[in-house]
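K.L.:
Got a structure for you, my_file36.csv, holding CSV, N, CA and C atoms.
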chain,number,residue,atom,x,y,z
A,1,MET,N,154.1,72.3,-33.5
A,1,MET,CA,154.5,73.7,-33.6
A,1,MET,C,156.1,73.7,-33.4
A,2,PHE,N,156.7,74.8,-33.8
A,2,PHE,CA,158.1,75.0,-33.7
A,2,PHE,C,158.6,75.0,-32.3
A,3,LEU,N,157.9,75.7,-31.4
A,3,LEU,CA,158.3,75.8,-30.0
A,3,LEU,C,157.7,74.7,-29.1
A,4,THR,N,158.4,74.3,-28.1
A,4,THR,CA,157.9,73.4,-27.1
A,4,THR,C,157.9,74.1,-25.7
A,5,LEU,N,157.2,73.5,-24.8
A,5,LEU,CA,157.1,74.2,-23.4
A,5,LEU,C,158.5,74.2,-22.8
A,6,ASP,N,159.4,73.3,-23.1
A,6,ASP,CA,160.7,73.3,-22.5
A,6,ASP,C,161.6,74.5,-23.0
A,7,ASP,N,161.3,75.0,-24.1
A,7,ASP,CA,162.0,76.1,-24.7
A,7,ASP,C,161.8,77.4,-23.8
A,8,TYR,N,160.7,77.5,-23.1
A,8,TYR,CA,160.5,78.7,-22.3
A,8,TYR,C,161.2,78.6,-21.0
A,9,ARG,N,161.7,77.5,-20.6
A,9,ARG,CA,162.4,77.4,-19.3
A,9,ARG,C,163.8,78.1,-19.3
A,10,SER,N,164.3,78.4,-20.5
A,10,SER,CA,165.6,79.1,-20.5
A,10,SER,C,165.4,80.6,-20.1
A,11,VAL,N,164.2,81.1,-20.2
A,11,VAL,CA,164.1,82.6,-19.8
A,11,VAL,C,163.1,82.8,-18.7
A,12,CYS,N,162.3,81.8,-18.3
A,12,CYS,CA,161.4,82.0,-17.2
A,12,CYS,C,161.1,80.7,-16.5
A,13,ASP,N,160.8,80.7,-15.2
A,13,ASP,CA,160.5,79.5,-14.5
A,13,ASP,C,159.0,79.1,-14.7
A,14,ASP,N,158.6,77.9,-14.2
A,14,ASP,CA,157.3,77.4,-14.4
A,14,ASP,C,156.2,78.3,-13.9
A,15,TYR,N,156.4,78.8,-12.7
A,15,TYR,CA,155.4,79.7,-12.1
A,15,TYR,C,155.1,80.9,-13.0
A,16,GLU,N,156.2,81.6,-13.4
A,16,GLU,CA,156.1,82.8,-14.2
A,16,GLU,C,155.4,82.5,-15.5
A,17,PHE,N,155.8,81.3,-16.1
A,17,PHE,CA,155.2,80.9,-17.4
A,17,PHE,C,153.7,80.7,-17.3
A,18,LYS,N,153.3,80.0,-16.2
A,18,LYS,CA,151.9,79.8,-16.0
A,18,LYS,C,151.1,81.1,-15.9
A,19,GLN,N,151.7,82.1,-15.2
A,19,GLN,CA,151.1,83.4,-15.1
A,19,GLN,C,151.0,84.1,-16.4
A,20,ILE,N,152.0,84.0,-17.2
A,20,ILE,CA,152.0,84.7,-18.5
A,20,ILE,C,151.1,84.1,-19.5
A,21,ALA,N,151.3,82.7,-19.7
A,21,ALA,CA,150.6,82.0,-20.8
A,21,ALA,C,149.1,81.8,-20.4
A,22,HIS,N,148.8,81.5,-19.2
A,22,HIS,CA,147.5,81.2,-18.7
A,22,HIS,C,146.7,80.1,-19.4
A,23,SER,N,146.8,80.0,-20.7
A,23,SER,CA,146.1,78.9,-21.4
A,23,SER,C,146.8,78.6,-22.7
A,24,ASP,N,146.6,77.4,-23.2
A,24,ASP,CA,147.2,77.0,-24.4
A,24,ASP,C,146.8,77.8,-25.6
A,25,GLU,N,145.6,78.3,-25.6
A,25,GLU,CA,145.1,79.1,-26.8
A,25,GLU,C,145.9,80.4,-26.9
A,26,ILE,N,146.1,81.1,-25.7
A,26,ILE,CA,146.9,82.3,-25.7
A,26,ILE,C,148.3,82.1,-26.1
A,27,ARG,N,148.9,81.0,-25.6
A,27,ARG,CA,150.3,80.7,-26.0
A,27,ARG,C,150.4,80.4,-27.5
A,28,LEU,N,149.5,79.6,-28.0
A,28,LEU,CA,149.6,79.2,-29.4
A,28,LEU,C,149.4,80.4,-30.3
A,29,ALA,N,148.5,81.3,-30.0
A,29,ALA,CA,148.3,82.5,-30.8
A,29,ALA,C,149.5,83.4,-30.7
A,30,ALA,N,150.1,83.5,-29.6
A,30,ALA,CA,151.3,84.3,-29.5
A,30,ALA,C,152.5,83.7,-30.2
A,31,GLU,N,152.6,82.4,-30.2
A,31,GLU,CA,153.7,81.7,-30.9
A,31,GLU,C,153.5,81.9,-32.4
A,32,ALA,N,152.3,81.8,-32.9
A,32,ALA,CA,152.0,81.9,-34.3
A,32,ALA,C,152.3,83.3,-34.8
A,33,ALA,N,152.0,84.3,-34.0
A,33,ALA,CA,152.3,85.7,-34.3
A,33,ALA,C,153.8,86.0,-34.3
A,34,ALA,N,154.5,85.3,-33.3
A,34,ALA,CA,156.0,85.5,-33.2
A,34,ALA,C,156.6,84.9,-34.4
A,35,LEU,N,156.2,83.7,-34.8
A,35,LEU,CA,156.8,83.1,-36.0
A,35,LEU,C,156.6,83.9,-37.3
A,36,GLU,N,155.4,84.5,-37.4
A,36,GLU,CA,155.1,85.3,-38.5
A,36,GLU,C,156.0,86.6,-38.5
A,37,GLN,N,156.2,87.1,-37.4
A,37,GLN,CA,157.1,88.3,-37.3
A,37,GLN,C,158.5,88.0,-37.6
A,38,ILE,N,159.0,86.8,-37.2
A,38,ILE,CA,160.3,86.4,-37.5
A,38,ILE,C,160.4,86.1,-39.0
A,39,ALA,N,159.4,85.5,-39.6
A,39,ALA,CA,159.4,85.2,-41.0
A,39,ALA,C,159.4,86.4,-41.9
A,40,SER,N,158.8,87.5,-41.4
A,40,SER,CA,158.7,88.7,-42.1
A,40,SER,C,160.1,89.3,-42.3
A,41,TYR,N,161.0,89.1,-41.4
A,41,TYR,CA,162.4,89.5,-41.5
A,41,TYR,C,163.3,88.6,-42.4
A,42,LEU,N,162.9,87.3,-42.4
A,42,LEU,CA,163.8,86.3,-43.0
A,42,LEU,C,163.4,85.7,-44.3
A,43,ARG,N,162.1,85.8,-44.6
A,43,ARG,CA,161.6,85.0,-45.8
A,43,ARG,C,162.1,85.5,-47.1
A,44,HIS,N,162.7,86.6,-47.3
A,44,HIS,CA,163.2,87.1,-48.5
A,44,HIS,C,164.5,86.3,-48.9
A,45,ARG,N,165.2,85.7,-48.0
A,45,ARG,CA,166.4,85.0,-48.3
A,45,ARG,C,166.4,83.6,-47.8
A,46,TYR,N,165.7,83.3,-46.7
A,46,TYR,CA,165.7,82.0,-46.1
A,46,TYR,C,164.4,81.3,-46.2
A,47,ASP,N,164.4,80.0,-46.3
A,47,ASP,CA,163.2,79.2,-46.4
A,47,ASP,C,162.6,79.0,-44.9
A,48,THR,N,161.8,79.9,-44.5
A,48,THR,CA,161.3,79.9,-43.2
A,48,THR,C,160.4,78.7,-42.9
A,49,ASP,N,159.7,78.2,-43.9
A,49,ASP,CA,158.8,77.0,-43.7
A,49,ASP,C,159.6,75.8,-43.3
A,50,ARG,N,160.8,75.6,-44.0
A,50,ARG,CA,161.7,74.5,-43.6
A,50,ARG,C,162.3,74.7,-42.3
A,51,ALA,N,162.7,76.0,-42.0
A,51,ALA,CA,163.3,76.3,-40.7
A,51,ALA,C,162.4,76.0,-39.5
A,52,PHE,N,161.1,76.4,-39.7
A,52,PHE,CA,160.1,76.2,-38.6
A,52,PHE,C,159.6,74.8,-38.6
A,53,ALA,N,159.8,74.0,-39.6
A,53,ALA,CA,159.4,72.6,-39.6
A,53,ALA,C,160.4,71.7,-38.9
A,54,ALA,N,161.6,72.2,-38.6
A,54,ALA,CA,162.6,71.4,-37.9
A,54,ALA,C,162.1,71.2,-36.5
A,55,SER,N,162.6,70.1,-35.9
A,55,SER,CA,162.3,69.8,-34.5
A,55,SER,C,163.5,69.3,-33.7
A,56,GLY,N,163.4,69.4,-32.4
A,56,GLY,CA,164.5,68.9,-31.6
A,56,GLY,C,165.8,69.7,-31.8
A,57,LEU,N,166.9,68.9,-31.8
A,57,LEU,CA,168.2,69.6,-31.9
A,57,LEU,C,168.5,70.1,-33.3
A,58,CYS,N,167.6,69.8,-34.3
A,58,CYS,CA,167.8,70.3,-35.7
A,58,CYS,C,167.4,71.7,-35.8
A,59,ARG,N,166.7,72.3,-34.8
A,59,ARG,CA,166.3,73.7,-34.9
A,59,ARG,C,167.5,74.6,-34.6
A,60,ASN,N,167.5,75.8,-35.2
A,60,ASN,CA,168.5,76.8,-34.9
A,60,ASN,C,168.2,77.4,-33.5
A,61,SER,N,169.2,77.2,-32.6
A,61,SER,CA,168.9,77.6,-31.2
A,61,SER,C,168.7,79.1,-31.1
A,62,MET,N,169.3,80.0,-31.8
A,62,MET,CA,169.1,81.4,-31.7
A,62,MET,C,167.7,81.7,-32.3
A,63,LEU,N,167.3,81.0,-33.3
A,63,LEU,CA,165.9,81.2,-33.8
A,63,LEU,C,164.9,80.8,-32.8
A,64,VAL,N,165.1,79.8,-32.1
A,64,VAL,CA,164.2,79.3,-31.0
A,64,VAL,C,164.1,80.4,-29.9
A,65,GLN,N,165.3,81.0,-29.5
A,65,GLN,CA,165.3,82.0,-28.5
A,65,GLN,C,164.6,83.2,-28.9
A,66,CYS,N,164.7,83.6,-30.2
A,66,CYS,CA,164.0,84.8,-30.7
A,66,CYS,C,162.5,84.5,-30.6
A,67,ALA,N,162.1,83.3,-31.1
A,67,ALA,CA,160.7,83.0,-31.0
A,67,ALA,C,160.1,83.0,-29.6
A,68,VAL,N,160.9,82.5,-28.7
A,68,VAL,CA,160.4,82.5,-27.3
A,68,VAL,C,160.3,83.9,-26.8
A,69,ASN,N,161.3,84.7,-27.0
A,69,ASN,CA,161.3,86.1,-26.5
A,69,ASN,C,160.2,86.9,-27.1
A,70,ILE,N,159.9,86.8,-28.4
A,70,ILE,CA,158.9,87.5,-29.0
A,70,ILE,C,157.5,87.0,-28.6
A,71,ALA,N,157.3,85.7,-28.4
A,71,ALA,CA,156.1,85.2,-28.0
A,71,ALA,C,155.8,85.6,-26.5
A,72,LEU,N,156.8,85.6,-25.7
A,72,LEU,CA,156.6,86.1,-24.3
A,72,LEU,C,156.2,87.6,-24.3
A,73,TRP,N,156.9,88.4,-25.1
A,73,TRP,CA,156.6,89.8,-25.3
A,73,TRP,C,155.1,90.0,-25.6
A,74,LEU,N,154.6,89.2,-26.6
A,74,LEU,CA,153.3,89.3,-27.0
A,74,LEU,C,152.3,88.9,-25.9
A,75,MET,N,152.6,87.9,-25.1
A,75,MET,CA,151.8,87.4,-24.1
A,75,MET,C,151.7,88.3,-22.9
A,76,ILE,N,152.8,89.0,-22.6
A,76,ILE,CA,152.9,89.8,-21.4
A,76,ILE,C,152.0,91.0,-21.3
A,77,HIS,N,151.5,91.4,-22.5
A,77,HIS,CA,150.6,92.6,-22.5
A,77,HIS,C,149.2,92.3,-21.9
A,78,ARG,N,148.9,91.1,-21.7
A,78,ARG,CA,147.6,90.8,-21.1
A,78,ARG,C,147.6,90.8,-19.6
A,79,LEU,N,148.8,90.9,-19.0
A,79,LEU,CA,148.9,90.9,-17.6
A,79,LEU,C,148.6,92.3,-17.0
A,80,PRO,N,148.1,92.3,-15.8
A,80,PRO,CA,147.8,93.6,-15.2
A,80,PRO,C,149.0,94.5,-15.0
A,81,GLN,N,148.9,95.7,-15.4
A,81,GLN,CA,150.0,96.7,-15.3
A,81,GLN,C,151.3,96.2,-15.9
A,82,ASN,N,151.2,95.4,-17.0
A,82,ASN,CA,152.4,94.9,-17.7
A,82,ASN,C,153.5,94.4,-16.8
A,83,MET,N,153.1,93.5,-15.9
A,83,MET,CA,154.1,93.0,-14.9
A,83,MET,C,155.3,92.4,-15.7
A,84,GLY,N,156.5,92.7,-15.3
A,84,GLY,CA,157.7,92.2,-15.9
A,84,GLY,C,158.0,92.8,-17.3
A,85,HIS,N,157.4,93.9,-17.5
A,85,HIS,CA,157.5,94.5,-18.8
A,85,HIS,C,158.9,94.9,-19.2
A,86,GLU,N,159.7,95.4,-18.3
A,86,GLU,CA,161.1,95.9,-18.6
A,86,GLU,C,162.0,94.8,-19.1
A,87,ARG,N,161.9,93.7,-18.3
A,87,ARG,CA,162.8,92.5,-18.7
A,87,ARG,C,162.5,91.9,-20.0
A,88,ARG,N,161.2,91.8,-20.3
A,88,ARG,CA,160.7,91.2,-21.5
A,88,ARG,C,161.0,92.2,-22.7
A,89,GLU,N,160.9,93.5,-22.4
A,89,GLU,CA,161.2,94.4,-23.5
A,89,GLU,C,162.7,94.4,-23.9
A,90,CYS,N,163.6,94.2,-23.0
A,90,CYS,CA,165.0,94.1,-23.3
A,90,CYS,C,165.2,92.9,-24.1
A,91,LEU,N,164.7,91.7,-23.8
A,91,LEU,CA,164.9,90.5,-24.5
A,91,LEU,C,164.2,90.6,-25.9
A,92,TYR,N,163.1,91.2,-26.0
A,92,TYR,CA,162.4,91.4,-27.3
A,92,TYR,C,163.3,92.3,-28.2
A,93,ASN,N,163.8,93.4,-27.7
A,93,ASN,CA,164.6,94.3,-28.5
A,93,ASN,C,165.9,93.6,-29.0
A,94,ASP,N,166.5,92.8,-28.1
A,94,ASP,CA,167.7,92.0,-28.5
A,94,ASP,C,167.3,91.1,-29.7
A,95,SER,N,166.2,90.4,-29.6
A,95,SER,CA,165.7,89.5,-30.7
A,95,SER,C,165.5,90.2,-32.0
A,96,ILE,N,164.8,91.4,-31.9
A,96,ILE,CA,164.6,92.2,-33.1
A,96,ILE,C,165.9,92.7,-33.7
A,97,LYS,N,166.8,93.1,-32.8
A,97,LYS,CA,168.1,93.6,-33.3
A,97,LYS,C,168.8,92.4,-34.1
A,98,TRP,N,168.8,91.2,-33.6
A,98,TRP,CA,169.4,90.1,-34.3
A,98,TRP,C,168.8,89.9,-35.6
A,99,LEU,N,167.4,89.9,-35.7
A,99,LEU,CA,166.7,89.7,-36.9
A,99,LEU,C,167.1,90.8,-37.9
A,100,ARG,N,167.2,92.1,-37.5
A,100,ARG,CA,167.6,93.2,-38.4
A,100,ARG,C,169.0,93.0,-38.8
A,101,ASP,N,169.9,92.5,-38.0
A,101,ASP,CA,171.3,92.2,-38.4
A,101,ASP,C,171.3,91.2,-39.5
A,102,ILE,N,170.5,90.2,-39.4
A,102,ILE,CA,170.4,89.2,-40.5
A,102,ILE,C,169.9,89.8,-41.8
A,103,GLN,N,168.9,90.7,-41.6
A,103,GLN,CA,168.3,91.3,-42.8
A,103,GLN,C,169.4,92.2,-43.5
A,104,ALA,N,170.3,92.9,-42.7
A,104,ALA,CA,171.3,93.8,-43.2
A,104,ALA,C,172.6,93.0,-43.5
A,105,CYS,N,172.6,91.7,-43.5
A,105,CYS,CA,173.7,90.8,-43.8
A,105,CYS,C,174.9,91.0,-42.8
A,106,LYS,N,174.6,91.4,-41.6
A,106,LYS,CA,175.6,91.6,-40.6
A,106,LYS,C,175.7,90.3,-39.8
A,107,ALA,N,174.7,89.4,-39.9
A,107,ALA,CA,174.7,88.1,-39.2
A,107,ALA,C,174.3,87.1,-40.2
A,108,SER,N,174.8,85.9,-40.1
A,108,SER,CA,174.4,84.8,-41.1
A,108,SER,C,174.1,83.5,-40.3
A,109,PRO,N,172.8,83.3,-40.0
A,109,PRO,CA,172.4,82.1,-39.3
A,109,PRO,C,172.5,80.9,-40.2
A,110,ASP,N,172.5,79.8,-39.5
A,110,ASP,CA,172.5,78.5,-40.2
A,110,ASP,C,171.1,78.1,-40.5
A,111,LEU,N,170.5,78.7,-41.5
A,111,LEU,CA,169.1,78.4,-41.9
A,111,LEU,C,169.1,77.9,-43.3
A,112,PRO,N,168.1,77.1,-43.7
A,112,PRO,CA,168.0,76.7,-45.1
A,112,PRO,C,167.7,77.9,-46.0
A,113,LEU,N,168.4,78.0,-47.1
A,113,LEU,CA,168.2,79.0,-48.1
A,113,LEU,C,166.9,78.9,-48.8
A,114,TYR,N,166.4,80.0,-49.2
A,114,TYR,CA,165.1,80.0,-50.0
A,114,TYR,C,165.4,79.5,-51.4
A,115,GLN,N,164.5,78.6,-51.9
A,115,GLN,CA,164.6,78.1,-53.2
A,115,GLN,C,163.3,78.4,-54.0
A,116,SER,N,163.5,79.0,-55.1
A,116,SER,CA,162.3,79.4,-55.9
A,116,SER,C,161.6,78.2,-56.5
A,117,PRO,N,160.3,78.4,-56.9
A,117,PRO,CA,159.6,77.2,-57.5
A,117,PRO,C,160.3,76.7,-58.7
A,118,ASP,N,161.1,77.5,-59.4
A,118,ASP,CA,161.9,77.1,-60.6
A,118,ASP,C,163.1,76.3,-60.2
A,119,GLY,N,163.5,76.3,-58.9
A,119,GLY,CA,164.6,75.5,-58.5
A,119,GLY,C,165.9,76.4,-58.4
A,120,ASP,N,165.8,77.7,-58.6
A,120,ASP,CA,166.9,78.6,-58.5
A,120,ASP,C,167.2,78.9,-57.0
A,121,ASN,N,168.4,78.9,-56.6
A,121,ASN,CA,168.8,79.3,-55.2
A,121,ASN,C,169.1,80.7,-55.2
A,122,ASP,N,168.9,81.4,-54.1
A,122,ASP,CA,169.3,82.8,-53.9
A,122,ASP,C,170.7,82.7,-53.4
A,123,ASP,N,171.6,83.2,-54.2
A,123,ASP,CA,173.0,83.2,-53.9
A,123,ASP,C,173.3,84.3,-52.9
A,124,THR,N,173.4,84.0,-51.6
A,124,THR,CA,173.5,85.1,-50.6
A,124,THR,C,174.8,85.8,-50.6
A,125,ARG,N,175.8,85.2,-51.3
A,125,ARG,CA,177.1,85.9,-51.3
A,125,ARG,C,177.1,87.0,-52.4
A,126,ASN,N,176.3,86.8,-53.4
A,126,ASN,CA,176.2,87.8,-54.5
A,126,ASN,C,174.7,87.8,-55.0
A,127,PRO,N,173.8,88.4,-54.3
A,127,PRO,CA,172.4,88.4,-54.7
A,127,PRO,C,172.1,89.3,-55.9
A,128,VAL,N,173.0,90.2,-56.2
A,128,VAL,CA,172.7,91.1,-57.3
A,128,VAL,C,173.8,90.8,-58.4
A,129,ARG,N,173.3,90.6,-59.6
A,129,ARG,CA,174.2,90.3,-60.7
A,129,ARG,C,174.2,91.5,-61.6
A,130,PHE,N,175.4,91.9,-62.0
A,130,PHE,CA,175.5,93.1,-62.9
A,130,PHE,C,176.7,92.9,-63.8
A,131,GLY,N,176.7,93.8,-64.8
A,131,GLY,CA,177.8,93.7,-65.7
A,131,GLY,C,177.8,95.0,-66.6
A,132,SER,N,178.8,95.1,-67.4
A,132,SER,CA,178.9,96.3,-68.3
A,132,SER,C,179.8,96.0,-69.4
A,133,MET,N,179.9,96.9,-70.4
A,133,MET,CA,180.8,96.7,-71.5
A,133,MET,C,182.2,97.0,-71.0
A,134,LYS,N,183.2,96.6,-71.8
A,134,LYS,CA,184.6,96.9,-71.5
A,134,LYS,C,184.8,98.4,-71.7
A,135,PRO,N,185.6,99.0,-70.8
A,135,PRO,CA,185.7,100.5,-70.9
A,135,PRO,C,186.4,100.9,-72.2
A,136,GLY,N,186.0,102.0,-72.8
A,136,GLY,CA,186.5,102.5,-74.0
A,136,GLY,C,187.8,103.2,-73.8
A,137,ARG,N,188.9,102.9,-74.5
A,137,ARG,CA,190.2,103.6,-74.4
A,137,ARG,C,190.4,104.5,-75.7
A,138,TYR,N,190.0,105.6,-75.7
A,138,TYR,CA,190.0,106.5,-76.8
A,138,TYR,C,191.4,106.9,-77.2
A,139,ASP,N,192.3,105.9,-77.4
A,139,ASP,CA,193.7,106.3,-77.9
A,139,ASP,C,193.9,105.6,-79.2
A,140,TRP,N,194.0,106.3,-80.3
A,140,TRP,CA,194.1,105.7,-81.6
A,140,TRP,C,195.6,105.8,-82.0
Can I see the file as structure tokens?
P.N.:
Amino acid sequence: MFLTLDDYRSVCDDYEFKQIAHSDEIRLAAEAAALEQIASYLRHRYDTDRAFAASGLCRNSMLVQCAVNIALWLMIHRLPQNMGHERRECLYNDSIKWLRDIQACKASPDLPLYQSPDGDNDDTRNPVRFGSMKPGRYDW
């Protein structure tokens, strides 16, 4: 999987993580949902399969933090009275804001670009191509 247990240590300690995750099944389900949510923002321009296949230091660190924050947000809802809800909500909202900035071309992460099955790359600098005729100068 894209995330490791060490990735969670940047935002919570071991005791808190054990309380939130409780079992590997819950954690893996939340991670899968988090990666799908991230991909829904990025897949139109970036190759999310290649980005999520990276491991170790080859992974984009901001993408890892987004995945961790979203996965923890999804796992926290099973706790009684949504313990720690406010802190996780703030981190979740920051992650979603970053993903929306990427979608609106306000941020440009170092991720592999999407390549179509035909081999064409999506030119992110000019994704829309257009043209027109030369303007008419009606001066005879």
K.L.:
So, counting only N, CA and C atoms, which residue among A:His44, A:Arg88, A:Arg137, A:Arg50 is closest to Ile70 (chain A)?
P.N.:
A:Arg88
K.L.:
Name the residues of region 52-111 of chain A that come out as alpha helix (DSSP H) in a backbone DSSP run; write them as an MDAnalysis selection string.
P.N.:
chainID A and resid 52:53 61:76 85:103
K.L.:
Output the selection as a CSV table (one decimal), in the frame of the given file - N, CA and C atoms for each residue.
P.N.:
chain,number,residue,atom,x,y,z
A,52,PHE,N,161.1,76.4,-39.7
A,52,PHE,CA,160.1,76.2,-38.6
A,52,PHE,C,159.6,74.8,-38.6
A,53,ALA,N,159.8,74.0,-39.6
A,53,ALA,CA,159.4,72.6,-39.6
A,53,ALA,C,160.4,71.7,-38.9
A,61,SER,N,169.2,77.2,-32.6
A,61,SER,CA,168.9,77.6,-31.2
A,61,SER,C,168.7,79.1,-31.1
A,62,MET,N,169.3,80.0,-31.8
A,62,MET,CA,169.1,81.4,-31.7
A,62,MET,C,167.7,81.7,-32.3
A,63,LEU,N,167.3,81.0,-33.3
A,63,LEU,CA,165.9,81.2,-33.8
A,63,LEU,C,164.9,80.8,-32.8
A,64,VAL,N,165.1,79.8,-32.1
A,64,VAL,CA,164.2,79.3,-31.0
A,64,VAL,C,164.1,80.4,-29.9
A,65,GLN,N,165.3,81.0,-29.5
A,65,GLN,CA,165.3,82.0,-28.5
A,65,GLN,C,164.6,83.2,-28.9
A,66,CYS,N,164.7,83.6,-30.2
A,66,CYS,CA,164.0,84.8,-30.7
A,66,CYS,C,162.5,84.5,-30.6
A,67,ALA,N,162.1,83.3,-31.1
A,67,ALA,CA,160.7,83.0,-31.0
A,67,ALA,C,160.1,83.0,-29.6
A,68,VAL,N,160.9,82.5,-28.7
A,68,VAL,CA,160.4,82.5,-27.3
A,68,VAL,C,160.3,83.9,-26.8
A,69,ASN,N,161.3,84.7,-27.0
A,69,ASN,CA,161.3,86.1,-26.5
A,69,ASN,C,160.2,86.9,-27.1
A,70,ILE,N,159.9,86.8,-28.4
A,70,ILE,CA,158.9,87.5,-29.0
A,70,ILE,C,157.5,87.0,-28.6
A,71,ALA,N,157.3,85.7,-28.4
A,71,ALA,CA,156.1,85.2,-28.0
A,71,ALA,C,155.8,85.6,-26.5
A,72,LEU,N,156.8,85.6,-25.7
A,72,LEU,CA,156.6,86.1,-24.3
A,72,LEU,C,156.2,87.6,-24.3
A,73,TRP,N,156.9,88.4,-25.1
A,73,TRP,CA,156.6,89.8,-25.3
A,73,TRP,C,155.1,90.0,-25.6
A,74,LEU,N,154.6,89.2,-26.6
A,74,LEU,CA,153.3,89.3,-27.0
A,74,LEU,C,152.3,88.9,-25.9
A,75,MET,N,152.6,87.9,-25.1
A,75,MET,CA,151.8,87.4,-24.1
A,75,MET,C,151.7,88.3,-22.9
A,76,ILE,N,152.8,89.0,-22.6
A,76,ILE,CA,152.9,89.8,-21.4
A,76,ILE,C,152.0,91.0,-21.3
A,85,HIS,N,157.4,93.9,-17.5
A,85,HIS,CA,157.5,94.5,-18.8
A,85,HIS,C,158.9,94.9,-19.2
A,86,GLU,N,159.7,95.4,-18.3
A,86,GLU,CA,161.1,95.9,-18.6
A,86,GLU,C,162.0,94.8,-19.1
A,87,ARG,N,161.9,93.7,-18.3
A,87,ARG,CA,162.8,92.5,-18.7
A,87,ARG,C,162.5,91.9,-20.0
A,88,ARG,N,161.2,91.8,-20.3
A,88,ARG,CA,160.7,91.2,-21.5
A,88,ARG,C,161.0,92.2,-22.7
A,89,GLU,N,160.9,93.5,-22.4
A,89,GLU,CA,161.2,94.4,-23.5
A,89,GLU,C,162.7,94.4,-23.9
A,90,CYS,N,163.6,94.2,-23.0
A,90,CYS,CA,165.0,94.1,-23.3
A,90,CYS,C,165.2,92.9,-24.1
A,91,LEU,N,164.7,91.7,-23.8
A,91,LEU,CA,164.9,90.5,-24.5
A,91,LEU,C,164.2,90.6,-25.9
A,92,TYR,N,163.1,91.2,-26.0
A,92,TYR,CA,162.4,91.4,-27.3
A,92,TYR,C,163.3,92.3,-28.2
A,93,ASN,N,163.8,93.4,-27.7
A,93,ASN,CA,164.6,94.3,-28.5
A,93,ASN,C,165.9,93.6,-29.0
A,94,ASP,N,166.5,92.8,-28.1
A,94,ASP,CA,167.7,92.0,-28.5
A,94,ASP,C,167.3,91.1,-29.7
A,95,SER,N,166.2,90.4,-29.6
A,95,SER,CA,165.7,89.5,-30.7
A,95,SER,C,165.5,90.2,-32.0
A,96,ILE,N,164.8,91.4,-31.9
A,96,ILE,CA,164.6,92.2,-33.1
A,96,ILE,C,165.9,92.7,-33.7
A,97,LYS,N,166.8,93.1,-32.8
A,97,LYS,CA,168.1,93.6,-33.3
A,97,LYS,C,168.8,92.4,-34.1
A,98,TRP,N,168.8,91.2,-33.6
A,98,TRP,CA,169.4,90.1,-34.3
A,98,TRP,C,168.8,89.9,-35.6
A,99,LEU,N,167.4,89.9,-35.7
A,99,LEU,CA,166.7,89.7,-36.9
A,99,LEU,C,167.1,90.8,-37.9
A,100,ARG,N,167.2,92.1,-37.5
A,100,ARG,CA,167.6,93.2,-38.4
A,100,ARG,C,169.0,93.0,-38.8
A,101,ASP,N,169.9,92.5,-38.0
A,101,ASP,CA,171.3,92.2,-38.4
A,101,ASP,C,171.3,91.2,-39.5
A,102,ILE,N,170.5,90.2,-39.4
A,102,ILE,CA,170.4,89.2,-40.5
A,102,ILE,C,169.9,89.8,-41.8
A,103,GLN,N,168.9,90.7,-41.6
A,103,GLN,CA,168.3,91.3,-42.8
A,103,GLN,C,169.4,92.2,-43.5
K.L.:
Name the residues of chain A that come out as strand (DSSP E or B) in a backbone DSSP run; write them as a ChimeraX atom specification.
P.N.:
/A:46,113,115,121
K.L.:
Mind pulling up the distance from atom N of Asn69 (chain A) to atom N of Leu91 (chain A)?
P.N.:
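Interatomic distance, atom N of Leu91 (chain A) to atom N of Asn69 (chain A): 8.4 Å.
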K.L.:
Could you tell me which of A:Cys58, A:Thr48, A:Ala71, A:Leu3 comes closest to Ala33 (chain A) if we count all atoms listed in the file?
P.N.:
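The answer is A:Ala71, which sits nearest to Ala33 (chain A).
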K.L.:
As a ChimeraX atom specification, please: the residues near Met1 (chain A) (cut-off 8 Å, only N, CA and C atoms, same-chain neighbours under 4 positions excluded).
P.N.:
/A:52-55
K.L.:
Counting only N, CA and C atoms, what is within 6.5 Å of region 72-86 of chain A, bar same-chain residues fewer than 5 positions away, as a PyMOL selection string?
P.N.:
chain A and resi 20-21+30+67+91-92
K.L.:
What is the CA of Cys105 (chain A) to atom C of Ala39 (chain A) distance in Å?
P.N.:
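The value is 15.1 Å.
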